[in-house]
Structure formats: C-alpha cells, structure tokens
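Below is coords-v4.cif, which holds mmCIF, C-alpha atoms and all ligand atoms.
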data_coords
loop_
_atom_site.label_atom_id
_atom_site.label_comp_id
_atom_site.auth_asym_id
_atom_site.auth_seq_id
_atom_site.Cartn_x
_atom_site.Cartn_y
_atom_site.Cartn_z
CA MET A 1 0.00 0.00 0.00
CA LYS A 2 1.46 3.29 -1.08
CA LEU A 3 -0.04 6.63 -0.17
CA ILE A 4 0.95 9.90 -1.79
CA ILE A 5 -0.62 13.25 -0.94
CA LEU A 6 -0.48 16.07 -3.46
CA LEU A 7 -0.63 19.45 -1.82
CA GLY A 8 -0.94 22.80 -3.57
CA ALA A 9 -3.20 25.74 -4.28
CA PRO A 10 -6.07 25.56 -6.78
CA GLY A 11 -4.50 25.56 -10.24
CA SER A 12 -1.10 24.33 -9.01
CA GLY A 13 -1.33 21.22 -11.20
CA LYS A 14 -2.29 18.57 -8.64
CA GLY A 15 -4.86 16.93 -10.94
CA THR A 16 -2.46 16.89 -13.90
CA GLN A 17 0.36 15.33 -11.89
CA ALA A 18 -1.95 12.87 -10.14
CA LEU A 19 -3.05 11.55 -13.54
CA GLN A 20 0.60 11.06 -14.58
CA ILE A 21 1.32 9.15 -11.38
CA GLU A 22 -1.82 7.04 -11.85
CA LYS A 23 -0.84 6.24 -15.45
CA LYS A 24 2.71 5.19 -14.59
CA THR A 25 2.25 3.47 -11.24
CA GLY A 26 -1.31 2.17 -11.28
CA LEU A 27 -1.95 3.93 -7.98
CA ARG A 28 -5.51 5.22 -7.88
CA HIS A 29 -6.05 8.97 -8.23
CA LEU A 30 -8.60 10.04 -5.63
CA SER A 31 -9.85 13.59 -6.12
CA THR A 32 -12.24 14.75 -3.41
CA GLY A 33 -13.34 17.64 -5.66
CA GLU A 34 -14.34 15.13 -8.35
CA MET A 35 -16.15 12.96 -5.81
CA LEU A 36 -18.15 15.95 -4.59
CA ARG A 37 -18.90 17.22 -8.11
CA ALA A 38 -20.18 13.71 -8.98
CA GLU A 39 -22.59 13.89 -6.00
CA VAL A 40 -23.86 17.26 -7.26
CA GLU A 41 -24.23 16.01 -10.85
CA ALA A 42 -26.05 12.85 -9.71
CA GLY A 43 -28.44 15.02 -7.68
CA THR A 44 -28.02 12.98 -4.47
CA ASP A 45 -29.18 14.45 -1.15
CA LEU A 46 -25.56 15.16 -0.25
CA GLY A 47 -24.98 16.73 -3.67
CA LYS A 48 -28.01 19.01 -3.25
CA GLU A 49 -26.80 20.01 0.20
CA LEU A 50 -23.26 20.82 -0.97
CA ALA A 51 -23.90 22.37 -4.40
CA GLY A 52 -23.87 25.96 -3.13
CA THR A 53 -20.71 25.44 -1.08
CA LEU A 54 -18.87 24.05 -4.10
CA GLU A 55 -20.13 26.77 -6.40
CA GLN A 56 -18.86 29.49 -4.06
CA GLY A 57 -15.52 27.74 -3.63
CA ASN A 58 -15.99 27.26 0.10
CA LEU A 59 -14.92 24.11 1.92
CA VAL A 60 -17.47 21.43 2.72
CA PRO A 61 -17.59 20.44 6.41
CA ASP A 62 -14.63 18.34 7.58
CA GLU A 63 -16.89 15.49 8.82
CA VAL A 64 -18.47 15.05 5.37
CA ILE A 65 -15.21 14.64 3.53
CA ILE A 66 -13.54 12.66 6.32
CA ASP A 67 -16.40 10.11 6.18
CA ILE A 68 -15.92 9.68 2.44
CA ILE A 69 -12.14 9.22 2.70
CA ARG A 70 -12.53 6.81 5.63
CA GLY A 71 -14.22 4.35 3.26
CA CYS A 72 -11.28 4.62 0.84
CA VAL A 73 -8.64 4.16 3.55
CA ARG A 74 -10.46 1.17 5.04
CA GLY A 75 -10.98 -0.20 1.55
CA ASP A 76 -14.68 -0.83 2.17
CA LYS A 77 -16.37 1.98 0.19
CA CYS A 78 -14.82 4.37 -2.27
CA PRO A 79 -16.75 6.55 -4.73
CA GLN A 80 -13.93 6.52 -7.28
CA CYS A 81 -12.94 2.91 -6.90
CA PRO A 82 -16.01 0.67 -7.31
CA GLY A 83 -14.07 -2.62 -7.26
CA LEU A 84 -11.92 -1.36 -4.36
CA GLU A 85 -8.90 -3.44 -5.43
CA ALA A 86 -7.14 -0.44 -6.95
CA CYS A 87 -7.82 1.61 -3.87
CA ARG A 88 -6.48 -1.10 -1.58
CA ALA A 89 -3.20 -1.17 -3.52
CA GLY A 90 -2.63 2.47 -2.69
CA PHE A 91 -3.63 5.89 -3.86
CA ILE A 92 -2.79 9.47 -4.60
CA LEU A 93 -4.86 11.98 -2.67
CA ASP A 94 -5.63 15.16 -4.59
CA GLY A 95 -7.61 17.76 -2.64
CA PHE A 96 -7.53 15.96 0.71
CA PRO A 97 -6.54 16.82 3.37
CA ARG A 98 -7.35 20.51 3.09
CA THR A 99 -7.41 21.42 6.78
CA VAL A 100 -5.38 20.40 9.83
CA PRO A 101 -8.38 18.54 11.38
CA GLN A 102 -8.69 16.55 8.12
CA ALA A 103 -4.97 15.70 8.27
CA GLU A 104 -5.30 14.61 11.89
CA ALA A 105 -8.31 12.47 11.03
CA LEU A 106 -6.35 10.88 8.18
CA ASP A 107 -3.46 10.09 10.56
CA GLU A 108 -5.89 8.36 12.91
CA MET A 109 -7.50 6.33 10.10
CA LEU A 110 -4.10 5.24 8.82
CA LYS A 111 -2.94 4.28 12.29
CA ASP A 112 -6.01 2.08 12.68
CA GLN A 113 -5.13 0.36 9.41
CA ASN A 114 -1.41 0.13 10.15
CA ARG A 115 -0.70 2.26 7.13
CA GLU A 116 1.56 5.26 6.60
CA ILE A 117 1.85 8.23 4.26
CA ASP A 118 4.81 7.77 1.90
CA ASP A 119 5.21 11.30 0.55
CA VAL A 120 3.45 14.64 0.74
CA ILE A 121 4.37 16.50 -2.45
CA LEU A 122 3.85 20.25 -2.43
CA LEU A 123 3.50 21.85 -5.87
CA ASP A 124 4.75 25.37 -5.23
CA VAL A 125 3.32 28.02 -7.58
CA ASP A 126 3.20 31.84 -7.23
CA GLU A 127 -0.26 33.32 -6.77
CA SER A 128 -0.03 35.52 -9.91
CA ILE A 129 0.62 32.41 -12.00
CA LEU A 130 -2.32 30.61 -10.40
CA PHE A 131 -4.67 33.39 -11.53
CA GLU A 132 -3.29 33.16 -15.09
CA ARG A 133 -3.71 29.37 -15.15
CA ILE A 134 -7.27 29.38 -13.87
CA GLU A 135 -8.26 32.18 -16.22
CA ARG A 136 -6.87 30.10 -19.09
CA ARG A 137 -8.78 27.04 -17.85
CA ILE A 138 -11.97 29.15 -17.83
CA ARG A 139 -11.33 30.34 -21.43
CA GLU A 140 -10.41 26.88 -22.74
CA ASN A 141 -13.38 25.11 -21.13
CA ALA A 142 -15.92 27.80 -21.91
CA GLY A 143 -18.79 25.38 -22.71
CA ASN A 144 -17.88 22.78 -20.15
CA LYS A 145 -16.61 24.68 -17.19
CA ARG A 146 -16.71 23.86 -13.53
CA ALA A 147 -19.23 25.93 -11.63
CA ASP A 148 -16.42 27.17 -9.36
CA ASP A 149 -14.03 28.19 -12.19
CA ASN A 150 -14.49 31.92 -12.28
CA ALA A 151 -12.42 34.88 -11.13
CA ARG A 152 -14.64 35.67 -8.13
CA THR A 153 -14.58 32.20 -6.59
CA LEU A 154 -10.92 31.78 -7.48
CA LYS A 155 -10.01 34.63 -5.17
CA ASN A 156 -12.09 33.00 -2.44
CA ARG A 157 -10.49 29.60 -3.07
CA LEU A 158 -6.99 31.07 -2.88
CA GLU A 159 -7.82 32.87 0.37
CA ILE A 160 -9.19 29.64 1.82
CA TYR A 161 -6.07 27.80 0.66
CA THR A 162 -3.85 30.32 2.45
CA ARG A 163 -5.91 30.30 5.63
CA ALA A 164 -7.01 26.66 5.96
CA THR A 165 -4.72 24.51 3.82
CA LYS A 166 -1.26 26.15 3.97
CA PRO A 167 -0.88 25.22 7.65
CA LEU A 168 -0.52 21.66 6.35
CA VAL A 169 2.93 22.60 5.01
CA PRO A 170 4.49 22.97 8.48
CA TYR A 171 2.26 20.09 9.70
CA TYR A 172 3.88 17.64 7.26
CA GLU A 173 7.29 19.34 7.40
CA LYS A 174 7.45 18.53 11.11
CA LYS A 175 6.70 14.90 10.32
CA GLY A 176 9.54 14.85 7.78
CA LEU A 177 7.15 13.96 4.96
CA LEU A 178 7.02 17.18 2.92
CA ARG A 179 8.73 17.27 -0.50
CA ARG A 180 8.59 20.69 -2.15
CA ILE A 181 8.58 20.88 -5.95
CA ASP A 182 8.74 24.02 -8.11
CA GLY A 183 5.36 23.77 -9.87
CA MET A 184 6.09 26.69 -12.21
CA ARG A 185 8.28 24.72 -14.57
CA PRO A 186 6.91 22.95 -17.68
CA ILE A 187 4.54 20.09 -16.88
CA ASP A 188 6.97 17.35 -18.01
CA GLN A 189 9.74 18.69 -15.79
CA VAL A 190 7.40 18.83 -12.82
CA THR A 191 6.39 15.22 -13.55
CA ASP A 192 10.08 14.18 -13.65
CA GLU A 193 10.61 15.83 -10.27
CA VAL A 194 7.53 14.10 -8.87
CA PHE A 195 8.90 10.73 -9.97
CA ASN A 196 12.34 11.55 -8.54
CA VAL A 197 10.64 12.04 -5.19
CA ILE A 198 8.51 8.90 -5.40
CA ASN A 199 11.34 6.67 -6.65
CA ARG A 200 14.03 8.07 -4.35
CA LYS A 201 11.89 7.12 -1.39
CA LYS A 202 11.20 3.68 -2.83
CA SER A 203 14.87 2.81 -3.38
CA ALA A 204 15.83 4.18 0.04
CA ALA A 205 13.17 2.03 1.73
P1 LIG A 301 -11.00 20.67 -6.12
O1 LIG A 301 -11.49 19.96 -7.35
O2 LIG A 301 -10.02 19.86 -5.31
O3 LIG A 301 -10.51 22.06 -6.40
O4 LIG A 301 -12.27 20.84 -5.14
C1 LIG A 301 -13.42 21.53 -5.56
C2 LIG A 301 -14.26 21.92 -4.35
O5 LIG A 301 -14.69 20.75 -3.64
C3 LIG A 301 -13.56 22.78 -3.31
O6 LIG A 301 -13.55 24.16 -3.65
C4 LIG A 301 -14.41 22.50 -2.08
O7 LIG A 301 -15.67 23.18 -2.16
C5 LIG A 301 -14.71 21.01 -2.23
N1 LIG A 301 -13.67 20.16 -1.61
C6 LIG A 301 -12.83 19.29 -2.25
N2 LIG A 301 -12.03 18.68 -1.39
C7 LIG A 301 -12.35 19.15 -0.16
C8 LIG A 301 -11.86 18.91 1.16
N3 LIG A 301 -10.85 18.03 1.38
N4 LIG A 301 -12.42 19.60 2.19
C9 LIG A 301 -13.43 20.47 1.97
N5 LIG A 301 -13.94 20.76 0.77
C10 LIG A 301 -13.41 20.11 -0.30
#
What's the structure tokens form of this structure?
Amino acid sequence: MKLIILLGAPGSGKGTQALQIEKKTGLRHLSTGEMLRAEVEAGTDLGKELAGTLEQGNLVPDEVIIDIIRGCVRGDKCPQCPGLEACRAGFILDGFPRTVPQAEALDEMLKDQNREIDDVILLDVDESILFERIERRIRENAGNKRADDNARTLKNRLEIYTRATKPLVPYYEKKGLLRRIDGMRPIDQVTDEVFNVINRKKSAA
C-alpha cells in the first residue's frame, strides 16, 4: 500500500500530476473535488446540500469529507474505486486533506489500518501564475466549465487555501514527509521531479 498526498493551491497542477502518477504506477487517483462534483451532478441528497458550497468555492464540512475518505482508507467503500482493489493497492490523494483537522483524522485512520503516508508533495506556484492558469482554464473550457471556475470564486479559493490549507505545510514538514517541488516549470519537468521524489523514497526504503 502506497499513499501519496499532493498538496498545492487551486490551479497548481495537482490533478495533472496525479493523472501522470496514476498512469505510470497504477496507484488510484482520488480527487475529493471530483467525488463531490459527482454527487452534485447525480443530484443525491448530499450533492443538493453541498452544491452551493462548491459553487462558491468554500470548503465542505470536515466530517463530510472525512467520512468519504474513511471508506477509501479502510478499503470498504470508495466513490472513485467501485471494485476497491485499486484503492487497496494504494492511492494518490488530490484535494484531501485541506485542513489540519482533516490531516489529523487521516493520521488516525491510517494508524487504525497500520498504514503510513509515503510522501506529501507540495506543488509550489506563485499566486499571480495561479490566476493566469485558472483564467486560461476558464477560457479553454468555456462550454464545459466547472461551476467554481471563475475569477470571483478563485479569489475566495486562494484565500481559503492560504488560511485553511497552507498550515498543512508545516504540519507535514514537522513529520519529515514534505517534499517541495517548483510547480512553475513545464509540466513534463514537474512530472520528472515528482517521480524523482517517489522513486528516491522507494529505493531508500
Ligand atoms: P477541487 O477539485 O479539489 O478544487 O475541489 C473543488 C471543491 O470541492 C472545493 O472548492 C471544495 O468546495 C470542495 N472540496 C474538495 N475537497 C475538499 C476537502 N478536502 N475539504 C473540503 N472541501 C473540499
């Protein structure tokens, strides 16, 4: 079981890099944002309850997202892993944890399962570049855009990242798990760096 956490602001490239890791390692990419958007699209009770929160770019309550991830960690229920085998082999978390209480809950779940986090990879990108990237994503996906991809919610999402999620950097630094990568380089170079981190750890183990 291998567990990688991708940390970074909205637009830092977590989804892109997670897909590369999934393609090359077979580890399952678990995106909490995608899980929640699927609930909204399917019109479930939870989706109806959370639609406004997602649209505004606010965080859903910790308990909601912790409950979903608990199923993935235990390997008994995972929205993105119907057969569960892939999830049991290990996964890449993209978008979780996003707060210190979520990170603490994850630590507890993993302890219960005798599992550990292998790497927490921080994709470091300047805020001005994040705005440019998200604005490009809005232009390129004009007909098919996420409800939360607009300049107003982006500002909110970046503020929330700074306030609620950035404290995870020292949290994982203290545990000796944080690997910082310059996320402003071309995508392929970032991917190479990501694999250097993952493989270095593997050969050292
Ligand atoms: P993302 O696709 O990761 O940017 O997530 C999209 C939206 O889903 C976020 O703006 C939040 O509203 C919600 N969300 C995703 N992951 C979490 C999480 N771990 N905690 C709280 N809200 C989340």
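Pocket residues of ligand LIG 301 (chain A), taken as those with any atom at most 7 Å away using only C-alpha atoms and all ligand atoms, are Pro10, Ser31, Thr32, Gly33, Glu34, Leu36, Thr53, Leu54, Gly57, Asn58, Leu59, Val60, Pro61, Asp62, Ile65, Asp94, Gly95, Phe96, Pro97, Arg98 and Arg157 of chain A.
Between atom CA of Ala38 of chain A and atom CA of Glu55 of chain A the separation is 13.3 Å.
Nearest residue to Leu93 of chain A, choosing from A:Arg185, A:His29, A:Lys166, A:Arg179 and counting all atoms listed in the file: A:His29.
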Problem set entry | Residue contacts of Leu27 of chain A (7 Å, all atoms listed in the file) excluding same-chain residues fewer than 6 positions away, as a list in words | Ala86, Ala89, Gly90, Phe91 and Ile92 of chain A
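For the set A:Ile117, A:Ile134, A:Gly26, A:Leu110, the residue with the smallest atom-to-atom gap to Tyr172 of chain A is A:Ile117, counting all atoms listed in the file.
One distance worth recording is that between atom CA of Ala103 of chain A and atom CA of Tyr171 of chain A, which is 8.6 Å.
When only C-alpha atoms are used to measure the gap to Pro167 of chain A, the shortest distance among A:Gln17, A:Ser128, A:Thr99, A:Asn196 belongs to A:Thr99.
Nearest residue to Ile129 of chain A among A:Lys77, A:Gln113, A:Ser12, A:Asp192 is A:Ser12, counting all atoms listed in the file.
Of the listed residues A:Asp182, A:Gln56, A:Val40, A:Leu3, the one whose atoms come nearest to Val73 of chain A is A:Leu3, with distances taken using all atoms listed in the file.
For the pair atom CA of Ala164 of chain A and atom CA of Ala9 of chain A, the interatomic distance is 11.0 Å.
Taking all atoms listed in the file into account, Asp126 of chain A lies nearest to A:Gly183 out of the set A:Gly13, A:Gly71, A:Gly183, A:Gly43.
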Using only the atoms of segment 57-61 of chain A listed in the file, plus 3 Å on each side, state the axis-aligned box centre and edge lengths in Å rounded to one decimal, as JSON.
{"center_x": -16.3, "center_y": 24.1, "center_z": 1.4, "size_x": 8.7, "size_y": 13.3, "size_z": 16.0}
